[in-house]
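Structure data (compact mmCIF, C-alpha atoms) from query_24.txt:
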```txt
# COMPACT_ATOMS: atom_id res chain seq x y z
CA MET U 3 5.26 -65.59 -56.45
CA SER U 4 1.64 -64.60 -57.09
CA ALA U 5 -0.25 -62.73 -54.39
CA GLN U 6 -2.95 -64.66 -52.56
CA PRO U 7 -6.42 -63.31 -53.32
CA PRO U 8 -7.96 -61.63 -50.27
CA ARG U 9 -9.79 -64.18 -48.17
CA ARG U 10 -13.53 -63.68 -48.03
CA ARG U 11 -15.10 -63.92 -44.63
CA LEU U 12 -18.68 -64.43 -43.58
CA ASP U 13 -18.82 -60.74 -42.80
CA ASP U 14 -18.06 -59.97 -46.44
CA CYS U 15 -20.83 -62.20 -47.67
CA ASP U 16 -24.12 -60.82 -48.91
CA LEU U 17 -27.01 -62.16 -46.84
CA ARG U 18 -28.74 -63.56 -49.88
CA GLU U 19 -25.61 -65.46 -50.86
CA LEU U 20 -25.22 -66.79 -47.33
CA ALA U 21 -28.86 -67.90 -47.19
CA SER U 22 -28.43 -69.56 -50.56
CA ARG U 23 -25.31 -71.39 -49.38
CA LEU U 24 -27.19 -72.54 -46.30
CA ARG U 25 -30.12 -73.83 -48.30
CA ALA U 26 -27.73 -75.73 -50.54
CA GLY U 27 -25.73 -77.12 -47.60
CA ARG U 28 -22.62 -75.27 -48.68
CA LEU U 29 -21.58 -73.49 -45.51
CA TRP U 30 -18.45 -74.90 -43.90
CA LEU U 31 -17.37 -73.71 -40.46
CA ASP U 32 -13.86 -74.67 -39.41
CA PHE U 33 -13.50 -74.24 -35.64
CA GLY U 34 -9.85 -75.31 -35.52
CA ALA U 35 -10.03 -78.72 -33.86
CA THR U 36 -13.04 -79.76 -35.88
CA SER U 37 -15.31 -78.59 -38.67
CA THR U 38 -18.96 -78.62 -39.57
CA ARG U 39 -20.88 -78.45 -42.78
CA LEU U 40 -24.19 -76.71 -42.22
CA ALA U 41 -27.42 -76.65 -44.17
CA SER U 42 -30.54 -74.78 -43.15
CA ASP U 43 -33.80 -73.41 -44.45
CA VAL U 44 -34.43 -71.22 -41.39
CA PRO U 45 -34.59 -67.66 -42.75
CA ALA U 46 -33.07 -65.82 -39.77
CA LEU U 47 -30.09 -68.11 -39.33
CA ALA U 48 -27.96 -66.62 -42.11
CA GLU U 49 -27.97 -63.18 -40.53
CA HIS U 50 -27.29 -64.53 -37.04
CA LEU U 51 -24.40 -66.68 -38.26
CA ARG U 52 -22.94 -63.74 -40.13
CA GLN U 53 -22.91 -61.74 -36.91
CA VAL U 54 -21.26 -64.26 -34.63
CA TYR U 55 -19.01 -66.00 -37.18
CA ALA U 56 -18.17 -62.73 -38.94
CA GLN U 57 -14.40 -63.31 -39.12
CA PHE U 58 -14.58 -66.93 -40.22
CA PRO U 59 -13.45 -67.63 -43.77
CA LEU U 60 -16.06 -68.39 -46.36
CA LEU U 61 -14.88 -71.78 -47.53
CA ASP U 62 -15.72 -73.20 -50.93
CA ASP U 63 -16.02 -76.94 -50.73
CA PRO U 64 -13.02 -77.77 -48.54
CA GLY U 65 -13.71 -81.44 -49.24
CA TRP U 66 -14.15 -82.57 -45.67
CA ALA U 67 -16.24 -81.79 -42.61
CA ASP U 68 -16.31 -83.79 -39.37
CA HIS U 69 -19.98 -83.06 -38.78
CA HIS U 70 -22.79 -82.63 -41.26
CA VAL U 71 -25.56 -80.67 -39.60
CA ARG U 72 -28.92 -79.50 -40.82
CA ILE U 73 -31.14 -77.00 -39.03
CA LEU U 74 -34.51 -77.51 -40.61
CA ARG U 75 -38.04 -76.26 -40.30
CA PRO U 76 -40.32 -79.25 -39.77
CA ARG U 77 -42.90 -79.96 -42.43
CA GLY U 78 -46.62 -79.82 -41.77
CA LEU U 79 -48.62 -77.21 -39.92
CA ARG U 80 -45.76 -76.41 -37.57
CA ARG U 81 -44.02 -74.85 -40.51
CA TRP U 82 -46.56 -72.02 -40.23
CA LEU U 83 -47.83 -72.09 -36.65
CA ARG U 84 -45.20 -70.97 -34.15
CA PRO U 85 -42.47 -72.17 -36.50
CA GLN U 86 -39.87 -74.48 -35.12
CA ALA U 87 -36.40 -75.61 -36.04
CA GLU U 88 -34.88 -79.07 -35.66
CA PHE U 89 -31.27 -80.11 -35.35
CA GLU U 90 -30.31 -83.02 -37.54
CA CYS U 91 -27.01 -84.80 -37.91
CA ASP U 92 -26.47 -87.97 -39.93
CA LEU U 93 -30.25 -88.29 -40.28
CA GLN U 94 -30.72 -88.34 -36.50
CA ARG U 95 -32.61 -85.69 -34.58
CA PRO U 96 -31.45 -86.01 -30.98
CA PHE U 97 -33.26 -82.97 -29.56
CA GLU U 98 -36.77 -81.63 -29.28
CA PRO U 99 -37.44 -78.83 -31.76
CA PHE U 100 -36.68 -75.24 -30.75
CA PRO U 101 -38.64 -72.15 -31.76
CA ALA U 102 -37.37 -71.18 -35.23
CA ASP U 103 -36.18 -67.80 -34.03
CA THR U 104 -33.68 -69.53 -31.73
CA ALA U 105 -32.01 -71.51 -34.50
CA LEU U 106 -28.58 -70.11 -33.64
CA PRO U 107 -28.63 -71.32 -30.01
CA LEU U 108 -29.93 -74.66 -31.30
CA PHE U 109 -27.01 -74.90 -33.72
CA GLU U 110 -24.53 -73.92 -31.02
CA TRP U 111 -25.82 -76.36 -28.41
CA GLY U 112 -26.27 -79.13 -30.94
CA SER U 113 -22.82 -78.76 -32.40
CA ASN U 114 -21.30 -78.61 -28.92
CA TRP U 115 -23.13 -81.82 -28.12
CA LEU U 116 -21.67 -83.44 -31.22
CA ILE U 117 -18.18 -82.27 -30.33
CA GLY U 118 -18.49 -83.66 -26.82
CA LYS U 119 -19.76 -87.00 -28.15
CA ARG U 120 -17.47 -87.50 -31.10
CA LEU U 121 -14.08 -85.92 -30.69
CA ALA U 122 -12.37 -88.84 -28.99
CA ASN U 123 -8.89 -87.99 -30.26
CA LEU U 124 -8.67 -84.95 -27.98
CA LEU U 125 -9.13 -84.60 -24.26
CA LEU U 126 -11.97 -82.10 -24.02
CA LEU U 127 -11.63 -80.17 -20.80
CA HIS U 128 -14.59 -78.21 -19.54
CA ALA U 129 -12.52 -75.06 -19.65
CA GLY U 130 -12.04 -71.75 -21.31
CA VAL U 131 -8.64 -71.44 -22.96
CA VAL U 132 -6.85 -68.28 -24.06
CA GLU U 133 -3.28 -67.78 -25.26
CA ARG U 134 -0.55 -65.26 -24.78
CA ASP U 135 3.19 -65.51 -25.40
CA GLY U 136 2.69 -68.95 -26.92
CA LEU U 137 1.29 -70.37 -23.67
CA ALA U 138 -2.25 -71.39 -22.84
CA LEU U 139 -4.09 -70.09 -19.82
CA ILE U 140 -6.56 -72.82 -18.92
CA LEU U 141 -9.72 -71.83 -17.04
CA PRO U 142 -11.55 -74.98 -15.90
CA ALA U 143 -14.81 -74.50 -14.05
CA VAL U 144 -18.23 -75.90 -13.45
CA PRO U 145 -21.21 -74.15 -15.11
CA GLY U 146 -22.28 -70.94 -13.44
CA SER U 147 -18.84 -70.01 -12.17
CA GLY U 148 -18.25 -67.09 -14.53
CA LYS U 149 -15.84 -68.98 -16.78
CA SER U 150 -17.33 -67.77 -20.06
CA THR U 151 -17.58 -64.19 -18.84
CA LEU U 152 -13.95 -64.15 -17.79
CA THR U 153 -12.84 -65.86 -21.01
CA ALA U 154 -14.81 -63.32 -23.03
CA ALA U 155 -13.26 -60.42 -21.12
CA LEU U 156 -9.75 -61.79 -21.62
CA SER U 157 -10.38 -62.22 -25.34
CA LEU U 158 -11.37 -58.55 -25.50
CA ARG U 159 -8.12 -57.46 -23.83
CA GLY U 160 -5.51 -59.01 -26.06
CA TRP U 161 -5.56 -62.66 -25.07
CA ARG U 162 -6.16 -64.95 -28.04
CA LEU U 163 -9.34 -66.95 -27.68
CA LEU U 164 -9.10 -70.69 -28.25
CA SER U 165 -12.34 -71.72 -26.60
CA ASP U 166 -14.78 -70.75 -23.89
CA GLU U 167 -16.22 -74.24 -23.43
CA PHE U 168 -13.92 -76.99 -24.74
CA GLY U 169 -10.29 -76.92 -23.77
CA ALA U 170 -9.12 -79.19 -26.60
CA PHE U 171 -5.87 -80.89 -25.57
CA CYS U 172 -4.03 -83.40 -27.73
CA PRO U 173 -2.42 -86.07 -25.48
CA GLU U 174 0.16 -86.99 -28.11
CA ARG U 175 1.31 -83.50 -29.04
CA ARG U 176 0.77 -82.22 -25.50
CA ARG U 177 -0.60 -79.03 -26.97
CA PHE U 178 -3.92 -77.21 -27.09
CA ILE U 179 -5.79 -76.40 -30.27
CA ALA U 180 -8.64 -73.95 -30.68
CA MET U 181 -12.25 -75.03 -30.61
CA LEU U 182 -13.23 -71.62 -31.76
CA LYS U 183 -16.94 -71.12 -31.35
CA PRO U 184 -18.68 -67.94 -30.24
CA VAL U 185 -18.55 -67.39 -26.48
CA ALA U 186 -22.01 -68.14 -25.07
CA LEU U 187 -22.92 -65.36 -22.66
CA LYS U 188 -25.91 -65.80 -20.41
CA ASN U 189 -28.21 -63.46 -18.53
CA ASP U 190 -26.32 -60.81 -16.49
CA SER U 191 -23.01 -61.57 -18.17
CA ILE U 192 -24.30 -60.13 -21.45
CA ASP U 193 -24.70 -56.62 -20.03
CA LEU U 194 -21.51 -57.08 -18.05
CA ILE U 195 -19.51 -57.69 -21.21
CA ARG U 196 -21.33 -54.91 -23.07
CA ALA U 197 -20.34 -52.50 -20.29
CA PHE U 198 -16.81 -53.90 -20.17
CA GLU U 199 -16.31 -53.42 -23.91
CA PRO U 200 -19.03 -51.46 -25.72
CA GLN U 201 -17.55 -52.46 -29.11
CA ALA U 202 -17.70 -56.18 -28.34
CA PRO U 203 -19.14 -58.09 -31.32
CA ILE U 204 -22.12 -59.58 -29.52
CA GLY U 205 -24.86 -61.17 -31.61
CA PRO U 206 -28.62 -61.02 -31.08
CA LEU U 207 -30.26 -61.66 -27.72
CA PHE U 208 -32.23 -64.87 -27.37
CA PRO U 209 -34.53 -64.51 -24.38
CA LYS U 210 -36.44 -67.35 -22.71
CA THR U 211 -34.15 -70.18 -23.73
CA ARG U 212 -33.71 -73.09 -21.31
CA LYS U 213 -30.62 -71.26 -20.01
CA GLY U 214 -32.33 -67.89 -19.77
CA THR U 215 -31.29 -65.07 -22.09
CA VAL U 216 -28.37 -66.01 -24.28
CA ALA U 217 -26.13 -64.02 -26.63
CA HIS U 218 -22.92 -64.94 -28.43
CA LEU U 219 -19.65 -63.07 -28.62
CA GLY U 220 -17.88 -63.59 -31.95
CA ALA U 221 -14.17 -64.37 -32.11
CA ASP U 222 -11.89 -61.67 -33.47
CA ARG U 223 -9.92 -61.93 -36.67
CA GLU U 224 -6.61 -62.93 -35.12
CA ALA U 225 -8.23 -65.75 -33.14
CA VAL U 226 -9.85 -67.04 -36.32
CA ASP U 227 -6.74 -66.77 -38.47
CA ARG U 228 -4.58 -68.55 -35.88
CA ARG U 229 -7.07 -71.27 -34.92
CA HIS U 230 -4.88 -74.08 -36.27
CA GLU U 231 -1.83 -73.14 -34.21
CA TRP U 232 -0.92 -75.54 -31.42
CA VAL U 233 -0.29 -73.97 -28.02
CA ARG U 234 1.76 -75.24 -25.08
CA PRO U 235 0.02 -75.39 -21.70
CA GLY U 236 0.98 -72.48 -19.44
CA ALA U 237 -1.06 -72.24 -16.26
CA VAL U 238 -4.38 -73.31 -14.76
CA VAL U 239 -6.67 -70.82 -13.07
CA MET U 240 -9.94 -72.03 -11.61
CA PRO U 241 -12.27 -69.04 -11.72
CA ARG U 242 -15.29 -68.46 -9.54
CA TRP U 243 -17.45 -65.37 -9.57
CA VAL U 244 -18.62 -64.45 -6.06
CA GLY U 245 -20.81 -61.36 -5.80
CA ASP U 246 -19.30 -58.46 -3.79
CA SER U 247 -16.29 -60.50 -2.75
CA PRO U 248 -12.76 -59.13 -2.72
CA LEU U 249 -10.43 -60.57 -5.30
CA SER U 250 -8.34 -63.54 -4.27
CA LEU U 251 -5.85 -65.58 -6.25
CA THR U 252 -4.68 -68.59 -4.27
CA PRO U 253 -2.11 -71.20 -5.32
CA GLN U 254 -3.57 -74.69 -5.51
CA PRO U 255 -1.91 -78.05 -4.92
CA ALA U 256 -1.40 -80.28 -7.93
CA HIS U 257 -4.11 -82.77 -6.93
CA LEU U 258 -6.74 -80.02 -7.06
CA VAL U 259 -5.44 -78.90 -10.43
CA PHE U 260 -5.64 -82.51 -11.63
CA GLY U 261 -9.18 -82.86 -10.31
CA SER U 262 -10.34 -79.63 -11.90
CA LEU U 263 -9.11 -80.83 -15.28
CA ALA U 264 -9.84 -84.56 -15.26
CA PHE U 265 -13.07 -84.72 -13.33
CA ASN U 266 -14.66 -81.85 -15.29
CA ALA U 267 -13.60 -83.08 -18.71
CA PHE U 268 -16.29 -84.10 -21.19
CA ASN U 269 -14.57 -87.27 -22.37
CA TYR U 270 -11.99 -88.12 -19.70
CA GLN U 271 -13.46 -91.59 -19.10
CA ASP U 272 -13.63 -92.34 -22.81
CA ASN U 273 -9.94 -91.61 -23.14
CA GLY U 274 -8.91 -94.14 -20.49
CA GLU U 275 -5.21 -94.10 -19.74
CA ARG U 276 -4.61 -91.46 -22.46
CA GLY U 277 -6.87 -89.14 -20.50
CA PHE U 278 -5.09 -89.94 -17.25
CA ASP U 279 -1.67 -89.35 -18.79
CA ALA U 280 -2.83 -86.08 -20.34
CA ALA U 281 -4.37 -84.76 -17.12
CA SER U 282 -1.27 -85.87 -15.19
CA TYR U 283 0.97 -84.05 -17.63
CA LEU U 284 -1.05 -80.85 -17.32
CA ALA U 285 -1.27 -81.01 -13.53
CA THR U 286 2.46 -81.56 -13.14
CA GLN U 287 3.59 -79.09 -15.79
CA CYS U 288 1.22 -76.24 -14.94
CA ARG U 289 0.96 -74.42 -11.69
CA GLY U 290 -2.60 -73.75 -10.57
CA TRP U 291 -4.51 -71.03 -8.78
CA ARG U 292 -8.05 -70.47 -7.62
CA LEU U 293 -9.40 -67.08 -8.60
CA GLU U 294 -12.39 -65.59 -6.81
CA TYR U 295 -13.60 -62.34 -8.24
CA SER U 296 -16.54 -60.02 -8.42
CA ARG U 297 -15.14 -57.34 -10.75
CA LEU U 298 -13.80 -58.20 -14.18
CA ASP U 299 -11.25 -55.39 -14.20
CA ASP U 300 -9.73 -56.63 -10.96
CA ALA U 301 -9.63 -60.20 -12.22
CA LEU U 302 -7.90 -59.21 -15.44
CA ALA U 303 -5.33 -57.07 -13.64
CA ALA U 304 -4.54 -59.98 -11.32
CA LEU U 305 -4.18 -62.35 -14.25
CA GLU U 306 -1.86 -59.91 -16.03
CA ARG U 307 0.42 -59.86 -12.97
CA LEU U 308 0.20 -63.61 -12.61
CA TRP U 309 1.11 -64.08 -16.25
CA GLU U 310 4.38 -62.20 -15.79
CA GLU U 311 5.25 -64.72 -13.09
CA VAL U 312 4.24 -67.68 -15.26
CA ARG U 313 6.20 -66.39 -18.23
CA GLU U 314 9.33 -65.78 -16.18
CA ALA U 315 9.12 -69.20 -14.54
CA ARG U 316 8.81 -70.81 -17.98
CA ALA U 317 11.80 -68.88 -19.26
CA VAL U 318 13.91 -69.99 -16.31
CA LYS U 319 12.79 -73.60 -16.78
CA ALA U 320 13.51 -73.49 -20.52
CA ALA U 321 16.97 -72.06 -19.87
CA ALA U 322 17.70 -74.78 -17.32
CA GLU U 323 16.59 -77.50 -19.73
CA SER U 324 18.42 -76.20 -22.79
CA PRO U 325 21.86 -77.67 -23.49
CA ALA U 326 24.75 -75.49 -22.31
CA MET K 242 -4.01 -109.79 -4.10
CA ARG K 243 -1.77 -107.91 -6.48
CA THR K 244 -1.50 -104.66 -8.38
CA PRO K 245 -2.87 -105.28 -11.88
CA PHE K 246 -0.64 -104.75 -14.88
CA GLY K 247 -1.13 -101.29 -16.37
CA VAL K 248 -2.01 -99.37 -13.20
CA ARG K 249 -0.71 -95.83 -13.65
CA MET K 250 0.24 -93.41 -10.91
CA THR K 251 1.30 -89.82 -10.83
CA GLU K 252 2.58 -87.74 -7.92
CA LEU K 253 0.43 -84.68 -7.25
CA ASP K 254 2.07 -82.85 -4.36
CA ASP K 255 0.77 -84.50 -1.16
CA LEU K 256 -1.49 -86.97 -2.95
CA TRP K 257 -1.24 -89.34 -5.87
CA GLY K 258 -3.47 -89.87 -8.86
CA ALA K 259 -3.98 -93.50 -9.84
CA PHE K 260 -5.69 -95.03 -12.86
CA SER K 261 -7.01 -98.57 -12.98
CA PRO K 262 -7.14 -100.23 -16.39
CA LEU K 263 -9.60 -102.77 -14.95
CA THR K 264 -12.34 -100.29 -14.09
CA GLY K 265 -11.25 -97.16 -15.96
CA GLN K 266 -11.50 -95.31 -12.66
CA THR K 267 -9.18 -92.57 -11.51
CA VAL K 268 -8.81 -91.95 -7.79
CA LEU K 269 -6.69 -89.75 -5.60
CA LEU K 270 -4.67 -91.75 -3.09
CA ASN K 271 -2.70 -90.96 0.02
CA THR K 272 0.82 -92.20 0.64
CA GLU K 273 -0.29 -95.34 2.51
CA ALA K 274 -2.40 -96.50 -0.43
CA VAL K 275 0.41 -95.93 -2.90
CA ALA K 276 2.81 -97.81 -0.65
CA ILE K 277 0.41 -100.77 -0.65
CA LEU K 278 0.29 -100.75 -4.45
CA GLU K 279 4.07 -100.65 -4.70
CA VAL K 280 4.45 -103.58 -2.30
CA LEU K 281 1.81 -105.57 -4.22
CA ARG K 282 3.58 -104.87 -7.49
CA GLU K 283 6.62 -106.67 -6.10
CA GLN K 284 4.93 -109.40 -4.12
CA PRO K 285 1.23 -110.42 -4.08
CA GLY K 286 -0.35 -110.77 -0.63
CA ASP K 287 -3.16 -109.71 1.64
CA LEU K 288 -3.32 -106.58 3.76
CA ALA K 289 -1.65 -108.25 6.75
CA GLN K 290 1.26 -109.38 4.64
CA VAL K 291 1.61 -105.98 3.02
CA CYS K 292 1.64 -104.33 6.44
CA GLN K 293 4.30 -106.73 7.65
CA THR K 294 6.47 -105.65 4.74
CA LEU K 295 5.79 -101.96 5.31
CA ALA K 296 6.46 -102.27 9.05
CA MET K 297 10.03 -103.27 8.28
CA ASP K 298 10.58 -99.87 6.63
CA THR K 299 8.79 -97.71 9.19
CA THR K 300 8.75 -97.11 12.91
CA LEU K 301 5.13 -98.35 13.07
CA ASP K 302 4.22 -101.91 13.92
CA ALA K 303 2.15 -104.06 11.57
CA THR K 304 -1.01 -103.87 13.69
CA GLU K 305 -0.97 -100.11 13.74
CA LEU K 306 -0.33 -100.05 10.01
CA MET K 307 -3.29 -102.39 9.47
CA GLU K 308 -5.55 -99.86 11.20
CA ARG K 309 -4.13 -96.98 9.20
CA CYS K 310 -4.39 -98.82 5.90
CA ALA K 311 -7.79 -100.49 6.27
CA HIS K 312 -9.67 -97.64 4.60
CA ALA K 313 -7.10 -97.34 1.82
CA TRP K 314 -7.30 -101.10 1.21
CA GLN K 315 -11.04 -100.92 0.68
CA GLN K 316 -10.60 -97.96 -1.65
CA LEU K 317 -8.08 -99.93 -3.70
CA LEU K 318 -10.45 -102.89 -3.93
CA ASP K 319 -13.41 -100.72 -4.92
CA SER K 320 -11.53 -98.89 -7.64
CA GLY K 321 -9.90 -101.94 -9.23
CA LEU K 322 -6.39 -101.00 -8.23
CA VAL K 323 -5.83 -104.41 -6.69
CA GLU K 324 -7.07 -107.76 -7.97
CA PRO K 325 -6.91 -111.41 -6.90
CA ALA K 326 -3.43 -112.74 -7.59
CA GLN K 327 -4.71 -115.73 -9.57
CA ALA K 328 -6.77 -113.51 -11.95
```
Would you give me this structure, written as structure tokens?
Amino acid sequence: MSAQPPRRRLDDCDLRELASRLRAGRLWLDFGATSTRLASDVPALAEHLRQVYAQFPLLDDPGWADHHVRILRPRGLRRWLRPQAEFECDLQRPFEPFPADTALPLFEWGSNWLIGKRLANLLLLHAGVVERDGLALILPAVPGSGKSTLTAALSLRGWRLLSDEFGAFCPERRRFIAMLKPVALKNDSIDLIRAFEPQAPIGPLFPKTRKGTVAHLGADREAVDRRHEWVRPGAVVMPRWVGDSPLSLTPQPAHLVFGSLAFNAFNYQDNGERGFDAASYLATQCRGWRLEYSRLDDALAALERLWEEVREARAVKAAAESPA
Amino acid sequence: MRTPFGVRMTELDDLWGAFSPLTGQTVLLNTEAVAILEVLREQPGDLAQVCQTLAMDTTLDATELMERCAHAWQQLLDSGLVEPAQA
């Protein structure tokens, strides 16, 4: 058996080569559940992508991409005066141009928008998802609740990141799959994560975006290499950051778990009865808790303890269901 | 009135989730509302008739049940979980 050649990653790629691939439309990003082919003539984008997609494989013409995206500098005077960048997919430009130096946030928001619009085969929960012991911890929340910060912190403490934004659940397989994009940190959460883990691979700061200052935390190598593995649902924790509050972790009834999954999902309505069946399955298979926290360390310690309970309960259930 | 074909329900501790294929809506229902749907699955009728049937299985009389179920009935109508029997 011949040895596989070492896989090249974006981090291994010379910037000039990456920029050249981008100009030629030959950069493929495989997020797990979906993939994008990207082209761009924005000079700074290659370096920014290399920082936040560092561990992603450098793919040579995989033959298929779900989305074909271009981030382009408009022609005319605006190419030189306060340069801008536009997001284009299938010859449509659904957004107003962004300043060219914020091409990465434009790509991230635009590609998230495409995922939310187009991936009808999966139920896309508005949730962070991380994995441990083969089980998914699902963190559904509304924007501003500290979901991404908590997901980022978990991913820096040994939980495998699947997604910070899209909990991608397949109703047929009844499993989660990664939608592995960089975790979008905003405003205070950027310094919070830097203090929490000084070695965290956080990309450049983008101040003055419509969501304030934004930075992206890249996924680690294991998360990237395992992004096609399906994961069973484990537990649902609805996080909420409340300044100066003591930590609380409170069991939730199934109807609140159901509501947190179904009514926050991006495409629940589009999935009709498939969506209902999927949310019902999750709400009846997973126990749920509400987590209020103000300190990340406390939250993580509480989730570690909780996970022991979840794992043991699953083991007991599996033993009861297995044939004697 | 009757429960349309394809209505889905799932038990969620004290409440129930219900999906209407007519409207695509999902609503959370209490036990009274689910009981109405189950009766209408078996036998179409109006709220008074449903409450007559339910009264036979409870200690409540039909009038009291009508009062308790009036809100649930409206919710079922609004969300497409019941439809005219001739539809």
Region 286-291 of chain K: axis-aligned bounding box, 8 Å on each side, centre and edge lengths in Å, one decimal, as lines of an AutoDock Vina configuration file:
```
center_x = -0.9
center_y = -108.4
center_z = 3.1
size_x = 20.9
size_y = 20.8
size_z = 23.4
```
Protein/DNA/RNA residues near (-15.8, -65.7, -39.3), cut 10 Å, all atoms listed in the file, as a PyMOL selection string: chain U and resi 10-14+31-33+51-60+182-184+220-223+225-227
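When CA of Thr153 (chain U) is paired with CA of Leu108 (chain U), their separation reads 21.8 Å.
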Expected answer as a list of chain:residue names: chain K residues within 10 Å of chain U, all atoms listed in the file: K:Gly247, K:Val248, K:Arg249, K:Met250, K:Thr251, K:Glu252, K:Leu253, K:Asp254, K:Asp255, K:Leu256, K:Trp257, K:Gly258, K:Ala259, K:Phe260, K:Ser261, K:Pro262, K:Thr264, K:Gly265, K:Gln266, K:Thr267, K:Val268, K:Leu269, K:Leu270
Written file, previous selection with C-alpha atoms, as a PDB file, in the coordinates of the input:
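Resulting contents of part_5.pdb:
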```
ATOM      1  CA  GLY K 247      -1.130-101.290 -16.370  1.00  0.00           C
ATOM      2  CA  VAL K 248      -2.010 -99.370 -13.200  1.00  0.00           C
ATOM      3  CA  ARG K 249      -0.710 -95.830 -13.650  1.00  0.00           C
ATOM      4  CA  MET K 250       0.240 -93.410 -10.910  1.00  0.00           C
ATOM      5  CA  THR K 251       1.300 -89.820 -10.830  1.00  0.00           C
ATOM      6  CA  GLU K 252       2.580 -87.740  -7.920  1.00  0.00           C
ATOM      7  CA  LEU K 253       0.430 -84.680  -7.250  1.00  0.00           C
ATOM      8  CA  ASP K 254       2.070 -82.850  -4.360  1.00  0.00           C
ATOM      9  CA  ASP K 255       0.770 -84.500  -1.160  1.00  0.00           C
ATOM     10  CA  LEU K 256      -1.490 -86.970  -2.950  1.00  0.00           C
ATOM     11  CA  TRP K 257      -1.240 -89.340  -5.870  1.00  0.00           C
ATOM     12  CA  GLY K 258      -3.470 -89.870  -8.860  1.00  0.00           C
ATOM     13  CA  ALA K 259      -3.980 -93.500  -9.840  1.00  0.00           C
ATOM     14  CA  PHE K 260      -5.690 -95.030 -12.860  1.00  0.00           C
ATOM     15  CA  SER K 261      -7.010 -98.570 -12.980  1.00  0.00           C
ATOM     16  CA  PRO K 262      -7.140-100.230 -16.390  1.00  0.00           C
ATOM     17  CA  THR K 264     -12.340-100.290 -14.090  1.00  0.00           C
ATOM     18  CA  GLY K 265     -11.250 -97.160 -15.960  1.00  0.00           C
ATOM     19  CA  GLN K 266     -11.500 -95.310 -12.660  1.00  0.00           C
ATOM     20  CA  THR K 267      -9.180 -92.570 -11.510  1.00  0.00           C
ATOM     21  CA  VAL K 268      -8.810 -91.950  -7.790  1.00  0.00           C
ATOM     22  CA  LEU K 269      -6.690 -89.750  -5.600  1.00  0.00           C
ATOM     23  CA  LEU K 270      -4.670 -91.750  -3.090  1.00  0.00           C
TER      24      LEU K 270
END
```
Straight-line distance linking CA of Val312 (chain U) with CA of Glu224 (chain U), stated in Å to one decimal: 23.1 Å
Protein, DNA and RNA residues within 10 Å of (1.5, -103.6, 7.9), all atoms listed in the file, as a ChimeraX atom specification: /K:277,287-299,301-311
Distance of CA of Asp68 (chain U) from CA of Pro235 (chain U), expressed in Å to one decimal place: 25.5 Å
Pro173 (chain U) environment, 7 Å, all atoms listed in the file, sequence neighbours closer than 3 positions dropped, as a list in words: Leu124, Leu125, Arg176, Arg276 and Ala280 of chain U
Shell of 12 Å around region 73-78 of chain U, only C-alpha atoms, local chain residues under 2 positions omitted, as a ChimeraX atom specification: /U:24-25,27,39-48,70-71,80-95,97-113
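In terms of minimum interatomic distance to Arg9 (chain U), U:Leu61 ranks closest within U:Ala155, U:Leu61, U:Leu308, U:Ala143, counting only C-alpha atoms.
When only C-alpha atoms are used to compute distances to Lys119 (chain U), the closest of the residues U:Asn269, U:Ser150, U:Ser165, U:Thr211 turns out to be U:Asn269.
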Among the residues U:Ala217, U:Leu298, U:Leu127, U:Val144, the one that comes closest to Ala197 (chain U) [using all atoms listed in the file]: U:Leu298
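Closest approach to Arg159 (chain U) among U:Leu263, U:Leu284, U:Ala317, U:Glu133: U:Glu133, based on all atoms listed in the file.
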Contacts of His230 (chain U) within 8 Å, all atoms listed in the file, excl. fewer than 3 positions in-chain, as an MDAnalysis selection string: chainID U and resid 34:35 179:180 227
Distance query Glu167 (chain U) at most 6 Å, all atoms listed in the file, self and fewer than 6 positions along chain excluded, as JSON, numbers by chain: {"U": [128, 129, 130]}
